[in-house]
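*Asks:* Okay, so here is my_file.cif, and as you'll see once you scroll down, it has mmCIF, C-alpha atoms.
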data_upload
loop_
_atom_site.label_atom_id
_atom_site.label_comp_id
_atom_site.auth_asym_id
_atom_site.auth_seq_id
_atom_site.Cartn_x
_atom_site.Cartn_y
_atom_site.Cartn_z
CA MET W 385 0.00 0.00 0.00
CA ALA W 386 1.31 3.41 -0.99
CA VAL W 387 2.36 5.93 1.62
CA THR W 388 1.34 9.56 1.13
CA LEU W 389 2.92 12.42 3.04
CA ARG W 390 1.06 15.71 3.28
CA THR W 391 1.06 18.72 5.56
CA LEU W 392 -1.60 20.51 7.55
CA ASP W 393 -1.78 24.24 8.06
CA THR W 394 0.09 24.99 11.28
CA THR W 395 -2.11 28.04 11.88
CA SER W 396 -5.37 26.08 11.70
CA SER W 397 -7.45 25.06 14.67
CA VAL W 398 -7.41 21.45 15.82
CA ALA W 399 -11.01 21.16 14.61
CA ASP W 400 -10.10 22.20 11.06
CA GLN W 401 -7.09 19.89 11.01
CA GLN W 402 -9.33 17.07 12.18
CA ILE W 403 -11.80 17.75 9.37
CA ALA W 404 -8.96 17.80 6.81
CA ILE W 405 -7.78 14.38 8.00
CA ARG W 406 -11.32 12.99 8.04
CA GLN W 407 -11.84 14.20 4.47
CA ALA W 408 -8.59 12.51 3.42
CA GLU W 409 -9.69 9.28 5.11
CA ASP W 410 -12.98 9.43 3.23
CA LEU W 411 -10.89 9.35 0.05
CA GLY W 412 -9.22 6.09 1.04
CA PHE W 413 -6.27 7.40 3.04
CA ARG W 414 -5.69 6.06 6.56
CA LEU W 415 -3.92 8.19 9.13
CA VAL W 416 -0.67 6.64 10.34
CA SER W 417 0.96 9.56 12.17
CA VAL W 418 0.90 13.30 12.73
CA THR W 419 3.91 15.20 13.95
CA THR W 420 5.60 18.55 13.70
CA GLY W 421 8.57 18.41 11.37
CA ARG W 422 10.20 20.31 8.58
CA VAL W 423 9.15 20.28 4.94
CA GLY W 424 11.01 22.31 2.37
CA GLY W 425 12.98 23.89 5.19
CA GLY W 426 9.92 25.22 6.99
CA VAL W 427 8.05 24.01 10.05
CA ALA W 428 5.10 21.84 9.09
CA ASN W 429 2.50 19.57 10.56
CA MET W 430 3.38 16.38 8.73
CA VAL W 431 0.67 13.81 8.14
CA THR W 432 1.60 10.31 7.04
CA LEU W 433 -1.22 8.48 5.33
CA LEU W 434 -1.57 4.97 3.95
CA GLN W 435 -3.65 4.42 0.85
CA GLN W 436 -6.24 1.84 1.82
CA PRO W 437 -9.48 1.59 -0.16
CA GLY W 438 -12.74 1.67 1.70
CA ALA W 439 -14.27 3.76 4.40
CA PRO W 440 -12.48 4.05 7.76
CA PRO W 441 -14.01 1.95 10.56
CA THR W 442 -14.77 5.10 12.57
CA PRO W 443 -13.83 8.75 12.08
CA ILE W 444 -10.55 10.05 13.44
CA THR W 445 -10.52 12.46 16.37
CA LEU W 446 -7.72 14.86 17.25
CA GLU W 447 -7.50 15.84 20.89
CA VAL W 448 -5.12 18.28 22.52
CA VAL W 449 -3.58 16.92 25.72
CA ASP W 450 -2.43 19.51 28.20
CA GLY W 451 1.35 19.68 28.07
CA ALA W 452 1.43 20.89 31.67
CA LEU W 453 0.26 17.46 32.82
CA ASN W 454 2.91 15.12 34.12
CA GLN W 455 3.84 12.00 32.22
CA GLY W 456 1.47 9.75 34.16
CA ALA W 457 -1.48 12.05 33.63
CA GLN W 458 -0.78 12.29 29.90
CA GLU W 459 -0.52 8.52 29.72
CA ALA W 460 -3.85 8.20 31.52
CA ALA W 461 -5.42 10.55 28.98
CA LEU W 462 -4.30 8.20 26.23
CA ASN W 463 -5.80 5.15 27.87
CA ASN W 464 -9.48 5.98 27.72
CA ALA W 465 -11.50 2.82 27.32
CA GLY W 466 -13.10 2.26 23.96
CA ARG W 467 -10.60 4.37 22.07
CA GLN W 468 -8.00 3.12 19.65
CA LEU W 469 -4.97 5.40 19.75
CA ILE W 470 -3.48 5.94 16.31
CA CYS W 471 -0.61 8.22 17.30
CA TYR W 472 0.45 10.81 19.85
CA GLY W 473 2.87 13.62 19.21
CA SER W 474 3.48 17.31 18.78
CA MET W 475 1.47 19.41 16.32
CA ARG W 476 1.10 23.11 15.81
CA VAL W 477 -2.42 24.24 16.56
CA ASN W 478 -3.23 27.87 15.82
CA GLY W 479 0.52 28.30 15.40
CA VAL W 480 1.37 26.93 18.84
CA ALA W 481 3.02 23.55 19.54
CA GLN W 482 0.62 21.23 21.34
CA ASN W 483 0.54 17.59 22.35
CA VAL W 484 -2.11 15.99 20.17
CA ALA W 485 -3.58 12.51 20.33
CA ALA W 486 -5.21 11.01 17.25
CA TRP W 487 -7.66 8.27 18.05
CA ARG W 488 -10.81 6.64 16.85
CA ILE W 489 -13.61 4.81 18.62
CA GLN W 490 -12.91 1.09 18.54
CA ALA W 491 -15.17 -0.56 16.01
CA MET B 1209 -12.15 44.48 17.02
CA ARG B 1210 -12.16 45.55 13.43
CA ARG B 1211 -9.30 45.29 11.09
CA LEU B 1212 -8.43 45.58 7.43
CA VAL B 1213 -6.63 42.36 6.66
CA LEU B 1214 -5.37 42.88 3.19
CA VAL B 1215 -5.39 45.21 0.29
CA ALA B 1216 -3.00 44.19 -2.43
CA GLY B 1217 -2.56 45.02 -6.02
CA CYS B 1218 -0.04 44.81 -8.76
CA VAL B 1219 0.32 46.06 -12.27
CA VAL B 1220 2.97 44.79 -14.59
CA LEU B 1221 3.84 45.96 -18.06
CA LEU B 1222 6.28 44.13 -20.21
CA SER B 1223 7.25 45.62 -23.52
CA ALA B 1224 9.58 43.70 -25.75
CA SER B 1225 10.11 46.26 -28.47
CA GLY B 1226 9.01 49.54 -29.90
CA CYS B 1227 6.27 50.44 -32.37
CA GLY B 1228 6.16 48.87 -35.80
CA THR B 1229 8.11 45.76 -34.93
CA PRO B 1230 7.05 42.37 -33.66
CA ARG B 1231 6.46 42.71 -29.96
CA VAL B 1232 4.74 41.33 -26.90
CA ASN B 1233 2.97 43.50 -24.35
CA LEU B 1234 1.54 41.89 -21.27
CA ILE B 1235 -0.42 43.98 -18.82
CA THR B 1236 -1.90 42.38 -15.75
CA GLY B 1237 -3.48 44.00 -12.75
CA THR B 1238 -5.08 42.45 -9.70
CA THR B 1239 -6.67 44.14 -6.76
CA ILE B 1240 -7.98 42.26 -3.75
CA GLY B 1241 -9.63 43.80 -0.76
CA LEU B 1242 -10.52 41.70 2.25
CA LYS B 1243 -12.12 43.02 5.38
CA ALA B 1244 -12.79 40.66 8.26
CA THR B 1245 -14.71 41.77 11.30
CA PRO B 1246 -14.96 39.25 14.13
CA GLY B 1247 -18.20 39.27 16.05
CA ASP B 1248 -18.41 40.23 19.67
CA GLY B 1249 -20.03 36.91 20.62
CA GLN B 1250 -23.27 38.64 21.52
CA THR B 1251 -25.19 40.87 19.17
CA ARG B 1252 -22.71 41.48 16.38
CA PRO B 1253 -22.06 38.48 14.09
CA PRO B 1254 -18.70 38.00 12.35
CA GLN B 1255 -18.55 39.53 8.87
CA VAL B 1256 -16.22 39.18 5.92
CA MET B 1257 -16.13 41.24 2.74
CA LEU B 1258 -14.08 40.22 -0.27
CA GLY B 1259 -13.56 42.33 -3.36
CA TYR B 1260 -11.65 41.08 -6.38
CA LYS B 1261 -10.78 42.86 -9.60
CA ARG B 1262 -8.51 41.49 -12.26
CA GLY B 1263 -7.61 42.75 -15.67
CA GLU B 1264 -5.21 41.33 -18.22
CA VAL B 1265 -4.13 42.41 -21.65
CA ALA B 1266 -1.72 40.48 -23.83
CA LEU B 1267 -0.78 41.82 -27.27
CA VAL B 1268 1.11 39.13 -29.14
CA PRO B 1269 2.52 39.61 -32.63
CA THR B 1270 0.65 38.13 -35.54
CA SER B 1271 3.66 38.25 -37.78
CA GLY B 1272 7.16 37.02 -37.18
CA ASN B 1273 8.94 33.75 -37.37
CA GLY B 1274 7.37 32.06 -34.36
CA ALA B 1275 9.21 30.27 -31.64
CA THR B 1276 12.48 28.48 -31.90
CA GLU B 1277 14.61 26.92 -29.23
CA THR B 1278 16.52 30.16 -28.80
CA THR B 1279 14.11 32.91 -29.80
CA ASP B 1280 10.54 33.48 -28.74
CA ALA B 1281 8.78 36.32 -27.03
CA GLN B 1282 5.25 35.46 -28.06
CA SER B 1283 4.04 33.12 -25.34
CA ALA B 1284 2.79 34.68 -22.14
CA LEU B 1285 1.76 33.18 -18.83
CA ALA B 1286 0.25 34.99 -15.87
CA SER B 1287 -1.07 33.26 -12.78
CA PHE B 1288 -2.44 34.52 -9.53
CA HIS B 1289 -3.15 32.67 -6.31
CA PHE B 1290 -5.06 33.90 -3.32
CA SER B 1291 -6.27 31.91 -0.36
CA THR B 1292 -7.49 32.92 3.04
CA ARG B 1293 -8.90 31.39 6.16
CA TRP B 1294 -10.76 34.63 6.76
CA PHE B 1295 -9.59 35.36 10.27
CA GLY B 1296 -6.38 33.34 9.90
CA HIS B 1297 -3.69 32.52 7.39
CA THR B 1298 -3.78 34.42 4.09
CA GLU B 1299 -1.62 33.81 1.03
CA ILE B 1300 -1.16 35.80 -2.15
CA ASP B 1301 1.14 34.92 -5.04
CA SER B 1302 1.52 36.32 -8.52
CA PHE B 1303 3.65 34.87 -11.29
CA ILE B 1304 4.37 36.13 -14.80
CA ALA B 1305 6.47 34.59 -17.55
CA THR B 1306 6.86 35.27 -21.26
CA GLY B 1307 8.54 33.59 -24.19
CA ASN B 1308 9.91 30.10 -24.01
CA ALA B 1309 9.92 30.28 -20.22
CA ALA B 1310 6.14 30.56 -20.29
CA ARG B 1311 5.81 27.72 -22.76
CA HIS B 1312 8.03 25.40 -20.79
CA LEU B 1313 6.39 26.24 -17.49
CA GLY B 1314 2.92 25.86 -18.94
CA ASP B 1315 3.81 22.33 -20.05
CA SER B 1316 5.51 21.49 -16.79
CA THR B 1317 3.68 19.14 -14.49
CA GLU B 1318 6.00 20.30 -11.71
CA TYR B 1319 4.70 23.82 -12.18
CA ALA B 1320 1.11 22.59 -12.17
CA ALA B 1321 1.81 20.60 -9.02
CA THR B 1322 3.30 23.64 -7.35
CA LEU B 1323 0.23 25.65 -8.19
CA ALA B 1324 -1.94 22.94 -6.75
CA LYS B 1325 -2.30 23.18 -3.03
CA VAL B 1326 -0.68 20.24 -1.25
CA THR B 1327 -1.29 21.40 2.29
CA LEU B 1328 -4.45 19.63 3.33
CA GLY B 1329 -7.20 22.01 4.30
CA VAL B 1330 -10.91 21.83 4.88
CA VAL B 1331 -12.61 21.28 1.55
CA PRO B 1332 -16.18 22.49 0.94
CA ASP B 1333 -18.75 19.69 1.12
CA ALA B 1334 -19.68 19.98 -2.55
CA VAL B 1335 -16.06 19.56 -3.64
CA GLN B 1336 -15.53 16.72 -1.15
CA GLN B 1337 -18.52 14.79 -2.51
CA ARG B 1338 -17.10 15.07 -6.02
CA ARG B 1339 -13.72 13.87 -4.76
CA VAL B 1340 -15.36 10.87 -3.08
CA LYS B 1341 -17.07 10.05 -6.37
CA LEU B 1342 -13.77 10.35 -8.23
CA THR B 1343 -12.13 8.04 -5.69
CA ALA B 1344 -14.79 5.41 -6.34
CA GLN B 1345 -14.24 5.78 -10.08
CA ALA B 1346 -10.48 5.53 -9.65
CA GLU B 1347 -10.89 2.33 -7.65
CA GLY B 1348 -12.40 0.68 -10.71
CA LEU B 1349 -9.59 1.65 -13.06
CA THR B 1350 -7.13 -0.83 -14.44
CA GLU B 1351 -3.49 0.22 -14.30
CA PRO B 1352 -3.39 0.96 -18.07
CA GLN B 1353 -6.54 3.06 -17.73
CA ALA B 1354 -5.00 4.92 -14.82
CA GLU B 1355 -1.90 5.58 -16.93
CA SER B 1356 -4.17 6.86 -19.68
CA VAL B 1357 -5.86 9.26 -17.26
CA LEU B 1358 -2.50 10.58 -16.09
CA ALA B 1359 -1.34 11.03 -19.67
CA SER B 1360 -4.45 12.98 -20.63
CA LEU B 1361 -3.89 15.25 -17.65
CA ASN B 1362 -0.19 15.60 -18.41
CA TYR B 1363 0.42 14.48 -14.83
CA ASP B 1364 3.44 12.41 -13.89
CA LYS B 1365 3.29 9.19 -11.96
CA LYS B 1366 4.39 9.83 -8.37
CA PRO B 1367 7.83 8.40 -7.56
CA GLY B 1368 7.58 4.80 -6.39
CA LYS B 1369 3.83 4.64 -6.88
CA SER B 1370 1.52 2.98 -9.37
CA ALA B 1371 -0.62 5.06 -11.69
CA LYS B 1372 -3.70 4.26 -9.60
CA ALA B 1373 -1.99 5.31 -6.38
CA SER B 1374 -0.78 8.46 -8.10
CA ILE B 1375 -4.31 9.32 -9.22
CA ASN B 1376 -5.50 8.89 -5.62
CA ASP B 1377 -2.86 11.43 -4.57
CA TYR B 1378 -3.99 13.86 -7.25
CA ILE B 1379 -7.60 13.47 -6.09
CA LEU B 1380 -6.51 14.20 -2.52
CA ASP B 1381 -4.64 17.29 -3.69
CA ALA B 1382 -7.56 18.55 -5.79
CA GLN B 1383 -9.00 20.94 -3.22
CA THR B 1384 -10.48 23.46 -5.60
CA ASP B 1385 -13.35 23.30 -8.04
CA VAL B 1386 -10.99 23.83 -10.97
CA LEU B 1387 -8.67 20.96 -10.08
CA VAL B 1388 -11.56 18.58 -9.39
CA GLU B 1389 -13.18 19.52 -12.68
CA ARG B 1390 -9.92 18.81 -14.47
CA LEU B 1391 -9.85 15.30 -13.03
CA GLU B 1392 -13.53 14.75 -13.79
CA SER B 1393 -12.93 15.71 -17.41
CA ALA B 1394 -10.08 13.22 -17.68
CA PHE B 1395 -12.24 10.43 -16.27
CA PHE B 1396 -15.08 11.41 -18.59
CA ARG B 1397 -12.79 11.10 -21.61
CA LEU B 1398 -11.92 7.50 -20.76
CA PRO B 1399 -13.05 5.11 -23.51
#
Once you've parsed the file, please lay out its structure as structure tokens.

*Replies:*
Amino acid sequence: MAVTLRTLDTTSSVADQQIAIRQAEDLGFRLVSVTTGRVGGGVANMVTLLQQPGAPPTPITLEVVDGALNQGAQEAALNNAGRQLICYGSMRVNGVAQNVAAWRIQA
Amino acid sequence: MRRLVLVAGCVVLLSASGCGTPRVNLITGTTIGLKATPGDGQTRPPQVMLGYKRGEVALVPTSGNGATETTDAQSALASFHFSTRWFGHTEIDSFIATGNAARHLGDSTEYAATLAKVTLGVVPDAVQQRRVKLTAQAEGLTEPQAESVLASLNYDKKPGKSAKASINDYILDAQTDVLVERLESAFFRLP
């Protein structure tokens, strides 16, 4: 399956970035990871997608986790029952670096 | 809070020669005015006003020897890109080329790809529905058919990917009505 790398607007809200990923998934792309990196020399929210025909089992959700929380509290936030964590990392939301979890409801 | 976000304009005049001789004159002017007024969360709703004016004139010679590998001032290319998230990020780009540069760029898939937006953004529902339909159509393509679609679009296969996978990428990157329509036309032309 082909891998597709795209970027998200670092100045967008987490809601808009979530919609952009959901729209990509509706076109047969599955989210593998989101992270802040560099593309073309500039800071970018990098999205790695896997081409996989068919609708996703459930829509993806992006959730900002408070970076002021200690490690244990952040880990607890990622362990909510019924959620399948796809990835957890740093993204720029409204231009600011945030810890963001990408998950979907377990089918 | 009320603010004037952007007022931009440009006028370019290129003149290749004087009167009475073969020449190219390209005049392009674009003015964009965007005013965004956030609401106060109570009685005043957010408002946006967008004004757009564009004029272009290209006078190309009707006589002359035409283009060669080393001489040509007849072709002209002018492109303009504007995007805004209303109360957020706003981009404006203008590009002008004449002569062989314009011809080569116009044929370049790399140039077309650069013009196409590759940063994923929120796509209007109407455009998204058309992209979903295109995805379903692409799923049914054989690899030779997919190669045929790419050829008719003058799009290159993505490095390391099949023609079908490449088309899926192009569908993902088609975030405007124009780019989606271009893909739809290519699919429509399939035998």

*Asks:* List the residues matched by the PyMOL selection byres ((chain W) within 12 of (chain B)) in the displayed structure as a ChimeraX atom specification, ordered by chain and then by residue number.

*Replies:* /W:385-413,423,428-439,477-479

*Asks:* Considering only C-alpha atoms, return as a PyMOL selection string whatever protein or nucleic-acid residues lie within 7 Å of W:Thr445, sequence-local ones (same chain, fewer than 6 positions apart) excluded.

*Replies:* chain W and resi 402+486-488

*Asks:* Could you jot down the atom CA of B:Val1386 to atom CA of B:Ala1334 separation for me, Å, one decimal place?

*Replies:*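 Going from atom CA of B:Val1386 over to atom CA of B:Ala1334, I get 12.7 Å.
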
*Asks:* Rounded to one decimal, what separation in Å do you get between atom CA of B:Leu1387 and atom CA of B:Arg1338?

*Replies:* 11.1 Å

*Asks:* Using all atoms listed in the file for the distances, tell me which of B:Leu1242, B:Ile1300, B:Ala1382, B:Leu1361 is nearest to B:Phe1396.

*Replies:*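 Closest residue, counting all atoms listed in the file: B:Leu1361.
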
*Asks:* Evaluate the PyMOL selection byres ((chain W and resi 491) around 8) and record the selected residues as a PyMOL selection string, following the chain and residue labels used in the document.

*Replies:* chain W and resi 441-442+489-490

*Asks:* Suppose you want the space between atom CA of B:Gln1345 and atom CA of B:Glu1392; what is it in Å?

*Replies:*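 Here the two named atoms are 9.7 Å from each other.
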
*Asks:* Once the PyMOL selection byres ((chain B and resi 1303) around 9) is applied to the coordinates I shared, what remains selected? I want it as a list of chain:residue names.

*Replies:*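 On this input, the PyMOL selection byres ((chain B and resi 1303) around 9) captures B:Leu1285, B:Ala1286, B:Ser1287, B:Phe1288, B:His1289, B:Asp1301, B:Ser1302, B:Ile1304, B:Ala1305.
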
*Asks:* So, counting all atoms listed in the file, which residue among W:Val484, W:Arg476, W:Ala461, W:Arg467 is closest to W:Arg422?

*Replies:* W:Arg476

*Asks:* Tell me which residues come within 6 Å of (-7.9, 45.5, -7.1), as a PyMOL selection string, counting only C-alpha atoms in the file's coordinates.

*Replies:* chain B and resi 1217+1238-1240+1260-1261

*Asks:* Could you give me the axis-aligned bounding box of stretch 473-479 of chain W, with 5 Å of padding per side, as centre plus edge lengths in Å to one decimal, as AutoDock Vina command-line options?

*Replies:*
--center_x 0.1 --center_y 21.0 --center_z 17.3 --size_x 16.7 --size_y 24.7 --size_z 13.8
